Amino acid sequence: MQPPKVTVLGSANVDLVIRAERMPNRGETLIGETFDIFTGGKGFNQATAAARLGAQVTLIGRIGDDPFADILRTAIDAENINSQYVKTDAESGTGIATIVVQPDGENSIIVIPRANMRLTPKDIEDAAESIAKADVLLLQLETPIDASQKAIEIARINNTNVVLDPAPARQLPSSILSHVNILKPNEIEATVLSGVEVTSPETAITAAKALRAKIAPDRLSAVVITLGEQGVLLCTHKECTHIPAISVDVVDTTGAGDAFSGALATALAKGSELMDAVKYAAAAGAAATTVLGATPSMPTQEKIKSILLGK
Ligand code: RIB
């Protein structure tokens, strides 16, 4: 059987990760605990999750021409991800994220997108075949919106399902939302997109119903709001279902949303039903919180199985 095909349009960053007891106050210097350099970027993380879970993955993006790019190219190859459409941009540096992780696993991130934000609609046209042939196109918002728009247009013409993880939070035009099959915001993104403050499963239902009216009313169509410790809400055009969170020992929440999206896209590309795909994705997200670093925490099939079995 052919593996499912997932094409990811998105960012690739190098993450500079500090673990610290707390965030410094304004004007304060704080001694932290550890420092690591990991690969990351929502696009590369999600591509890695999909690849580790059995998809044949193509990544579309831009990185710089610098030592950070070398780190990323090595990692992309190690995950068997097709990098044919990851362009080297000699005019800009590779994207960087500075991340502080606190003892409860919560993270604070500042991204300097650099080459990621120089991706163009022409880059997408060059990669059109990989979108047309994919089962699922998976996107986030760390690359330019006109490039995403072009990718979504190509996907719709070719009946490729579109999964959008609208992170980082921003408003989106209806020309994008109306062509998305699965919209997967977290509570912050759902708040920005819907105008409804999402703090609980109940408020998430109100937000999801507002967002559901804006996306493609296809057979495969849903709003999936991740709520951290409060679980996940799946709203199809028929009904909303709340799925409680899986309890794990949290080390670092960075990349949990990416593991969720990568797993969701892969399960849907394999033909899973929505509810099964969301439960699988929730286990992937939970698994990712047990490991420090973004890309390193993207789970394998075995890890997800053990999380689902409560081991
Ligand atoms: O979602 C986590 C990711 O956000 C990090 O890897 C960082 O690079 C930023 O893109």
# chains A, B, ... in the order shown; residues from 1 in each chain; ligands from 1
>>> residues_around(residues="region 306-311 of chain A", least_positions_apart="2", cutoff="7 Å", atoms="only C-alpha atoms", output="JSON, numbers by chain")
{"A": [283, 287, 302, 303, 304]}
>>> residues_near_ligand(ligand="ligand 1", cutoff="9 Å", atoms="only C-alpha atoms and all ligand atoms", output="ChimeraX atom specification")
/A:11-16,38-46,95-99,109-113,142,167-168,253-259,293-295
>>> select_by_dssp(residues="region 86-212 of chain A", states="helix (DSSP H, G or I)", output="number ranges by chain")
A: 114-118, 121-126, 128-132, 145-157, 174-177, 187-194, 201-212
>>> closest_residue(among="A:Ile157, A:Val192, A:Ile37, A:Ala281", to="Ala169 (chain A)", atoms="only C-alpha atoms")
A:Val192
>>> residues_around(residues="Phe35 (chain A)", least_positions_apart="5", cutoff="8 Å", atoms="only C-alpha atoms", output="PDB file with N, CA, C and O atoms, in the first residue's frame")
ATOM      1  N   LEU A  16      16.521  28.240  19.997  1.00  0.00           N
ATOM      2  CA  LEU A  16      17.491  28.445  21.075  1.00  0.00           C
ATOM      3  C   LEU A  16      16.696  28.366  22.381  1.00  0.00           C
ATOM      4  O   LEU A  16      15.887  29.253  22.670  1.00  0.00           O
ATOM      5  N   VAL A  17      16.892  27.277  23.108  1.00  0.00           N
ATOM      6  CA  VAL A  17      15.970  26.942  24.209  1.00  0.00           C
ATOM      7  C   VAL A  17      16.656  27.060  25.569  1.00  0.00           C
ATOM      8  O   VAL A  17      17.676  26.410  25.828  1.00  0.00           O
ATOM      9  N   ILE A  18      16.056  27.866  26.423  1.00  0.00           N
ATOM     10  CA  ILE A  18      16.541  28.045  27.798  1.00  0.00           C
ATOM     11  C   ILE A  18      15.507  27.485  28.759  1.00  0.00           C
ATOM     12  O   ILE A  18      14.306  27.750  28.589  1.00  0.00           O
ATOM     13  N   ARG A  19      15.962  26.702  29.717  1.00  0.00           N
ATOM     14  CA  ARG A  19      15.057  26.333  30.820  1.00  0.00           C
ATOM     15  C   ARG A  19      15.368  27.228  31.997  1.00  0.00           C
ATOM     16  O   ARG A  19      16.541  27.405  32.358  1.00  0.00           O
TER      17      ARG A  19
END
>>> residues_around(residues="Val6 (chain A)", least_positions_apart="5", cutoff="12 Å", atoms="only C-alpha atoms", output="ChimeraX atom specification")
/A:43,46-60,81-82,130-139,155,160-163,261-270
>>> atom_distance(atom1="CA of Val101 (chain A)", atom2="CA of Ala245 (chain A)")
20.9 Å
>>> residues_around(residues="Asn181 (chain A)", least_positions_apart="2", cutoff="8 Å", atoms="only C-alpha atoms", output="VMD selection string")
chain A and resid 161 to 164 179 183 215 to 218 220 to 222
>>> write_last_selection(atoms="N, CA, C and O atoms", output="PDB file, in the first residue's frame")
ATOM      1  N   ASN A 161      -7.213  17.816   0.467  1.00  0.00           N
ATOM      2  CA  ASN A 161      -7.797  18.366   1.697  1.00  0.00           C
ATOM      3  C   ASN A 161      -6.833  19.336   2.365  1.00  0.00           C
ATOM      4  O   ASN A 161      -5.619  19.112   2.374  1.00  0.00           O
ATOM      5  N   VAL A 162      -7.387  20.399   2.937  1.00  0.00           N
ATOM      6  CA  VAL A 162      -6.562  21.451   3.545  1.00  0.00           C
ATOM      7  C   VAL A 162      -6.765  21.471   5.056  1.00  0.00           C
ATOM      8  O   VAL A 162      -7.897  21.625   5.537  1.00  0.00           O
ATOM      9  N   VAL A 163      -5.663  21.306   5.789  1.00  0.00           N
ATOM     10  CA  VAL A 163      -5.688  21.428   7.254  1.00  0.00           C
ATOM     11  C   VAL A 163      -4.885  22.668   7.610  1.00  0.00           C
ATOM     12  O   VAL A 163      -3.706  22.766   7.269  1.00  0.00           O
ATOM     13  N   LEU A 164      -5.527  23.630   8.271  1.00  0.00           N
ATOM     14  CA  LEU A 164      -4.838  24.871   8.650  1.00  0.00           C
ATOM     15  C   LEU A 164      -4.712  24.952  10.160  1.00  0.00           C
ATOM     16  O   LEU A 164      -5.706  24.913  10.883  1.00  0.00           O
ATOM     17  N   HIS A 179     -11.848  28.024   2.176  1.00  0.00           N
ATOM     18  CA  HIS A 179     -11.299  26.876   1.439  1.00  0.00           C
ATOM     19  C   HIS A 179     -10.597  25.864   2.346  1.00  0.00           C
ATOM     20  O   HIS A 179      -9.934  24.952   1.866  1.00  0.00           O
ATOM     21  N   LEU A 183      -9.913  23.395  10.425  1.00  0.00           N
ATOM     22  CA  LEU A 183      -9.279  24.548  11.069  1.00  0.00           C
ATOM     23  C   LEU A 183      -8.946  24.132  12.491  1.00  0.00           C
ATOM     24  O   LEU A 183      -9.838  23.718  13.235  1.00  0.00           O
ATOM     25  N   ILE A 215     -15.839  28.063   7.306  1.00  0.00           N
ATOM     26  CA  ILE A 215     -14.973  27.143   6.556  1.00  0.00           C
ATOM     27  C   ILE A 215     -15.771  26.321   5.548  1.00  0.00           C
ATOM     28  O   ILE A 215     -16.996  26.356   5.547  1.00  0.00           O
ATOM     29  N   ALA A 216     -15.049  25.573   4.707  1.00  0.00           N
ATOM     30  CA  ALA A 216     -15.685  24.814   3.624  1.00  0.00           C
ATOM     31  C   ALA A 216     -16.675  23.780   4.182  1.00  0.00           C
ATOM     32  O   ALA A 216     -16.295  22.947   5.006  1.00  0.00           O
ATOM     33  N   PRO A 217     -17.939  23.813   3.728  1.00  0.00           N
ATOM     34  CA  PRO A 217     -18.924  22.860   4.267  1.00  0.00           C
ATOM     35  C   PRO A 217     -18.873  21.504   3.559  1.00  0.00           C
ATOM     36  O   PRO A 217     -19.877  20.980   3.115  1.00  0.00           O
ATOM     37  N   ASP A 218     -17.662  20.921   3.421  1.00  0.00           N
ATOM     38  CA  ASP A 218     -17.504  19.646   2.726  1.00  0.00           C
ATOM     39  C   ASP A 218     -17.843  18.469   3.637  1.00  0.00           C
ATOM     40  O   ASP A 218     -18.099  18.634   4.813  1.00  0.00           O
ATOM     41  N   LEU A 220     -15.592  16.308   4.586  1.00  0.00           N
ATOM     42  CA  LEU A 220     -14.528  16.370   5.587  1.00  0.00           C
ATOM     43  C   LEU A 220     -14.342  17.838   5.952  1.00  0.00           C
ATOM     44  O   LEU A 220     -13.706  18.599   5.228  1.00  0.00           O
ATOM     45  N   SER A 221     -14.931  18.239   7.066  1.00  0.00           N
ATOM     46  CA  SER A 221     -14.894  19.652   7.418  1.00  0.00           C
ATOM     47  C   SER A 221     -15.151  19.785   8.911  1.00  0.00           C
ATOM     48  O   SER A 221     -16.125  19.241   9.425  1.00  0.00           O
ATOM     49  N   ALA A 222     -14.274  20.487   9.624  1.00  0.00           N
ATOM     50  CA  ALA A 222     -14.476  20.622  11.065  1.00  0.00           C
ATOM     51  C   ALA A 222     -13.589  21.715  11.640  1.00  0.00           C
ATOM     52  O   ALA A 222     -12.575  22.085  11.051  1.00  0.00           O
TER      53      ALA A 222
END
>>> closest_residue(among="A:Gly285, A:Gly27, A:Gly93, A:Pro166", to="Thr191 (chain A)", atoms="only C-alpha atoms")
A:Pro166
>>> select_by_dssp(residues="region 224-296 of chain A", states="strand (DSSP E or B)", output="number ranges by chain")
A: 224-226, 232-236, 240-243
>>> write_last_selection(atoms="C-alpha atoms", output="PDB file, in the first residue's frame")
ATOM      1  CA  VAL A 224     -10.861  21.457  16.154  1.00  0.00           C
ATOM      2  CA  ILE A 225      -9.936  23.668  19.129  1.00  0.00           C
ATOM      3  CA  THR A 226      -7.130  22.457  21.377  1.00  0.00           C
ATOM      4  CA  VAL A 232      -9.947  19.187  22.665  1.00  0.00           C
ATOM      5  CA  LEU A 233     -13.197  20.261  21.077  1.00  0.00           C
ATOM      6  CA  LEU A 234     -14.220  18.756  17.732  1.00  0.00           C
ATOM      7  CA  CYS A 235     -17.044  20.592  15.951  1.00  0.00           C
ATOM      8  CA  THR A 236     -18.316  19.256  12.645  1.00  0.00           C
ATOM      9  CA  CYS A 240     -19.611  19.402  18.798  1.00  0.00           C
ATOM     10  CA  THR A 241     -17.843  16.803  20.937  1.00  0.00           C
ATOM     11  CA  HIS A 242     -15.488  17.488  23.843  1.00  0.00           C
ATOM     12  CA  ILE A 243     -12.585  15.066  24.320  1.00  0.00           C
TER      13      ILE A 243
END
>>> residues_around(residues="Arg170 (chain A)", least_positions_apart="6", cutoff="9 Å", atoms="only C-alpha atoms", output="MDAnalysis selection string")
chainID A and resid 141 189 192:193
>>> atom_distance(atom1="CA of Lys87 (chain A)", atom2="CA of Phe260 (chain A)")
26.1 Å
>>> closest_residue(among="A:Asn186, A:Gln171, A:Gln301, A:Asn158", to="Ile145 (chain A)", atoms="only C-alpha atoms")
A:Gln171
>>> closest_residue(among="A:Val291, A:Ala147, A:Val100, A:Leu227", to="Glu21 (chain A)", atoms="only C-alpha atoms")
A:Val100
